[in-house]
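Contents: one structure, followed by commentary.
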Amino acid sequence: MKHIHLSLVTLLVIFFTMFSCEEKLDVEPKDSVTQVTIYQDIDQAEGIVVPIYNSTEGWALNRNEFWGQRVNLEGGSFEAKFNFQNRVNVYQLRDGGWTPGNFGLVFATKWQNYWAYVQDANSFLANIEGSIAMDQDPDKAELLIAEVRFLRANLYRKLINYFGGVPILTEPSSLTGNFEFTRDSYEDCVKFIVQEIDAIADVLPTTRPDSEFGRATKVAALAVKSRTLLYAASDLHDPSLLPQTMNTELYSYPVASKWEDAEKAALAVIDLVGHDALIQVANATEYQELFLSPNSNMIFARPYAAGLYEVGTGGFSARNSLPDQAQSPNGYGGWALSSPSHNFSLEFNFDDGSSTGGVTPTSPNDNREMRYYANLLFQGTDFRGRPVDYALSEDTGAFPDGLDSPNGTGNVQHSSKTGYNIRKFHDESLDQTNGISPDRPYVLFRVAEMYLNYAEALAEQGKDAEARTYLNRVSSRGLQPDITVGGDALKEAIKRERRVELCFEGHNFFDERRWLNTDHLGFDIMGLRWTKEANGDLTFEEVSVVERPWFDKQYYLPIPEADAERVPSLVQNFGYIN
């Protein structure tokens, strides 16, 4: 295995810079106390743990940047594009793509933020051991240790998704000693995550009381393991399919049992949550409500309540960081920051289970599957008391331009470029789009994903019958007929189901990459342009909104330029070396 060195001094700069400016939950002790004092009291020690939960993230892709506070990964995936002024700098997926010095405002501090939280976790773990607080309440201390190791494992899961193999650090940084670390292989990082989860899963409670919603559980820990092993088993990490030709140990997972391991990891979660546990729904409204308040299908979520809203350091309003305002059309006073692509809309089936085949239907919004109506806003759908109207008029005297069109109301620069907006996650019971729901969760892991993880791992091993059972658990809850295909067609059905069921939850950005599906990574983003003709007819045309090219380097983010230059031994990710 090739080792790549990382300077400790560089990490310290990152750690202390981010620790000083990353806004965290206001739960730290108010008195001016030393670290020694904190670790003399178990409750104050817990106050150190709670802010580390910010590492799980939420609605904001970048808590310290204006746009990043209001969008997540959907705008950089097959699902959608960033809507305001067709800006490229938010995700930086055009104009040559990512570079070490410029890889999008929303990704700009991922490297620094994650390492800052790893440092926080390592510092807690080092200080709690042998402390007075631990002697005071050993059981609670053991639980807090398990929570922090869970959070650190989850951080490593995210680090390797974005960057490939990274240094495995288990001790807090200091100003003395050896100032170099090694960048470990992708395989070793996966093993580290799995070992951490295996070590602490049984310490964590299987469930939590309502008052502790959002805290780590055994089920959440095993869900992290499941997603980690599913991703590791995928084509992106197959040694025979690697897009990279240099430093391949940073991306490769040469484990013969990989799909069996992914199967067992998903099954371990399912055995705890139930093999037929999905909350059933009768219609799109009931499906929407599954995402608006805590329920039994949420394995792990970030709680949003008074004082816990996702804001950064710039003093921006928490209210317009939530989807109700950030994603509503302009005619409702919304910012409409993520326009779903028409390409993505065609992934939704018809209500009889038949596919669009990627072809725009004559009546694109008629007779579509239930989740189309639950997840998307489109021309004519009822939303907050009136139909959404993107259409421009040929005769404004007879038929006014739509309120949500480029000539409508609100900030028309936010009018949808594709003829779609996101409906999922909206609380339409709020009187205004800038209202705040009392218990809004941001879902990080849920039961449906585990069923789909299991189905995919089974299908990759040719266990089609059992794979269909768990795929149909999800598809049937979506009011679709049972899927009966096998082989490659079954694998494609599982992919489609993930796109539809898990949409806008941060999965697709990574899914299309791990499947090496470049058709959904670089593509011509399409939309529907609606027109009210002079005779009153409503028509549409399919239009190209913008082209998103694909570059193989973008399977991973680059190591930030400043760090790569400061520490030449920190070898850059593939494709970013001049």
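Residues in the structure tokens are named by chain (A, B, ... in the order shown) and by number from 1 within that chain; ligands are numbered from 1 in the order shown.
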Near-A:Met370 list (10 Å; only C-alpha atoms; drop same-chain fewer than 4 positions) as a ChimeraX atom specification
/A:282-285,287,348-351,374-375,477-480
Next, dump the selected residues to file, keeping only N, CA, C and O atoms, as a short mmCIF file (atom, residue, chain, number, x, y, z; two decimals), in the first residue's frame.
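Below is the file that was written, again-v9.cif:
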```cif
data_model
loop_
_atom_site.label_atom_id
_atom_site.label_comp_id
_atom_site.auth_asym_id
_atom_site.auth_seq_id
_atom_site.Cartn_x
_atom_site.Cartn_y
_atom_site.Cartn_z
N ALA A 282 -52.02 6.20 1.47
CA ALA A 282 -53.10 6.04 0.49
C ALA A 282 -52.97 7.01 -0.68
O ALA A 282 -53.58 6.80 -1.73
N ASN A 283 -52.16 8.06 -0.49
CA ASN A 283 -52.08 9.08 -1.53
C ASN A 283 -50.82 9.92 -1.35
O ASN A 283 -50.05 9.73 -0.40
N ALA A 284 -50.63 10.88 -2.25
CA ALA A 284 -49.42 11.70 -2.25
C ALA A 284 -49.31 12.55 -0.99
O ALA A 284 -48.22 12.76 -0.46
N THR A 285 -50.41 13.06 -0.50
CA THR A 285 -50.38 13.90 0.70
C THR A 285 -49.88 13.12 1.90
O THR A 285 -49.04 13.61 2.67
N TYR A 287 -47.97 10.55 1.82
CA TYR A 287 -46.55 10.29 1.58
C TYR A 287 -45.72 11.51 1.97
O TYR A 287 -44.68 11.40 2.62
N PHE A 348 -39.92 9.07 -13.14
CA PHE A 348 -41.17 8.67 -12.49
C PHE A 348 -42.05 7.94 -13.50
O PHE A 348 -42.28 8.41 -14.61
N ASN A 349 -42.55 6.80 -13.09
CA ASN A 349 -43.40 5.97 -13.94
C ASN A 349 -44.78 6.57 -14.12
O ASN A 349 -45.15 7.58 -13.49
N PHE A 350 -45.57 5.90 -14.93
CA PHE A 350 -47.01 6.14 -14.95
C PHE A 350 -47.64 5.36 -13.81
O PHE A 350 -47.01 4.49 -13.20
N ASP A 351 -48.89 5.65 -13.50
CA ASP A 351 -49.52 5.01 -12.34
C ASP A 351 -49.77 3.51 -12.55
O ASP A 351 -49.98 2.78 -11.58
N ALA A 374 -46.16 13.83 -5.14
CA ALA A 374 -45.68 14.14 -3.78
C ALA A 374 -44.37 14.91 -3.79
O ALA A 374 -44.12 15.72 -2.89
N ASN A 375 -43.52 14.67 -4.79
CA ASN A 375 -42.15 15.19 -4.76
C ASN A 375 -41.90 16.40 -5.64
O ASN A 375 -40.95 17.14 -5.42
N ARG A 477 -45.32 0.43 -1.61
CA ARG A 477 -45.73 1.55 -0.75
C ARG A 477 -45.90 2.82 -1.59
O ARG A 477 -46.69 3.71 -1.25
N GLY A 478 -45.17 2.90 -2.69
CA GLY A 478 -45.33 4.01 -3.62
C GLY A 478 -46.52 3.83 -4.55
O GLY A 478 -46.65 4.59 -5.52
N LEU A 479 -47.36 2.83 -4.27
CA LEU A 479 -48.59 2.54 -5.01
C LEU A 479 -48.31 2.13 -6.45
O LEU A 479 -49.12 2.38 -7.37
N GLN A 480 -47.19 1.44 -6.66
CA GLN A 480 -46.83 0.87 -7.96
C GLN A 480 -47.09 -0.64 -7.94
O GLN A 480 -47.00 -1.28 -6.88
#
```
Could you go through stretch 319-496 of chain A and tell me which residues DSSP, when run on the backbone, assigns to strand (DSSP E), listing them as JSON, numbers by chain?
{"A": [338, 339, 340, 376, 377, 378, 382, 383, 386, 387, 392, 393, 420, 421, 422, 440, 441, 442, 443, 444, 445, 446]}
Atom CA of A:Asn62 to atom CA of A:Leu230, straight-line distance in Å
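Computing it gives 25.6 Å between the two atoms.
Proximity ranking of A:Gln119, A:Asn86, A:Asn573, A:Asn297 relative to A:Val219 places A:Asn297 first, based on only C-alpha atoms.
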Please return, as number ranges by chain, all residues of stretch 303-435 of chain A that DSSP assigns to alpha helix (DSSP H) on the basis of the backbone.
A: 323-326, 342-345, 370-375
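Remark: for A:Asn72, the closest of the candidate residues A:Tyr576, A:Thr362, A:Arg499, A:Tyr442 is A:Tyr442 (distances computed over only C-alpha atoms).
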Mind checking which residues fall within 10 Å of A:Gly402, counting only C-alpha atoms, ignoring those fewer than 6 positions away in the same chain, and posting them as a PyMOL selection string?
chain A and resi 331+379+387-393+396+408-409+530-532
Which residues of stretch 68-158 of chain A come within 12 Å of stretch 553-561 of chain A, and for each one, what is the closest pair of atoms and their distance in Å to one decimal, counting only C-alpha atoms, sorted by chain and residue number, as a tab-separated table?
```
residue	atom	partner	partner_atom	distance
A:Gly76	CA	A:Gln554	CA	11.2
A:Ser77	CA	A:Gln554	CA	11.9
A:Tyr91	CA	A:Leu557	CA	11.2
A:Gln92	CA	A:Gln554	CA	10.6
A:Leu93	CA	A:Gln554	CA	8.7
A:Arg94	CA	A:Gln554	CA	11.2
A:Gly96	CA	A:Gln554	CA	10.5
A:Gly97	CA	A:Gln554	CA	7.6
A:Trp98	CA	A:Gln554	CA	6.9
A:Thr99	CA	A:Pro558	CA	6.8
A:Pro100	CA	A:Glu561	CA	4.6
A:Gly101	CA	A:Glu561	CA	5.1
A:Asn102	CA	A:Pro560	CA	8.3
A:Phe103	CA	A:Leu557	CA	7.3
A:Gly104	CA	A:Leu557	CA	9.9
A:Val106	CA	A:Leu557	CA	11.7
A:Phe107	CA	A:Leu557	CA	8.2
A:Ala108	CA	A:Pro560	CA	7.9
A:Thr109	CA	A:Pro560	CA	8.7
A:Lys110	CA	A:Leu557	CA	9.3
A:Trp111	CA	A:Ile559	CA	7.4
A:Gln112	CA	A:Pro560	CA	8.9
A:Lys158	CA	A:Tyr556	CA	11.4
```
Rounded to one decimal, what separation in Å do you get between atom CA of A:Phe399 and atom CA of A:Leu538?
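The value is 10.5 Å.
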Compile the contact shell of stretch 193-208 of chain A as a PyMOL selection string: residues with an atom at most 10 Å away, counting only C-alpha atoms, same-chain residues fewer than 5 positions apart removed.
chain A and resi 139+142-157+168+188+213-226+228-229+265+272-273+296+299
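Among the candidates A:Gly353, A:Gln44, A:Leu458, A:Phe84, the residue lying nearest to A:Gly334 is A:Phe84 (atoms considered: only C-alpha atoms).
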Contacts of stretch 495-498 of chain A at 9 Å (only C-alpha atoms; same-chain gap of 6+ positions) as a count of residues only:
11
As a PyMOL selection string, please: the residues near stretch 248-264 of chain A (cut-off 9 Å, only C-alpha atoms, same-chain neighbours under 2 positions excluded).
chain A and resi 1-2+160+163-166+183-188+190+225-234+236-239+242+244-246+266-269+453-458+460-461+573-574
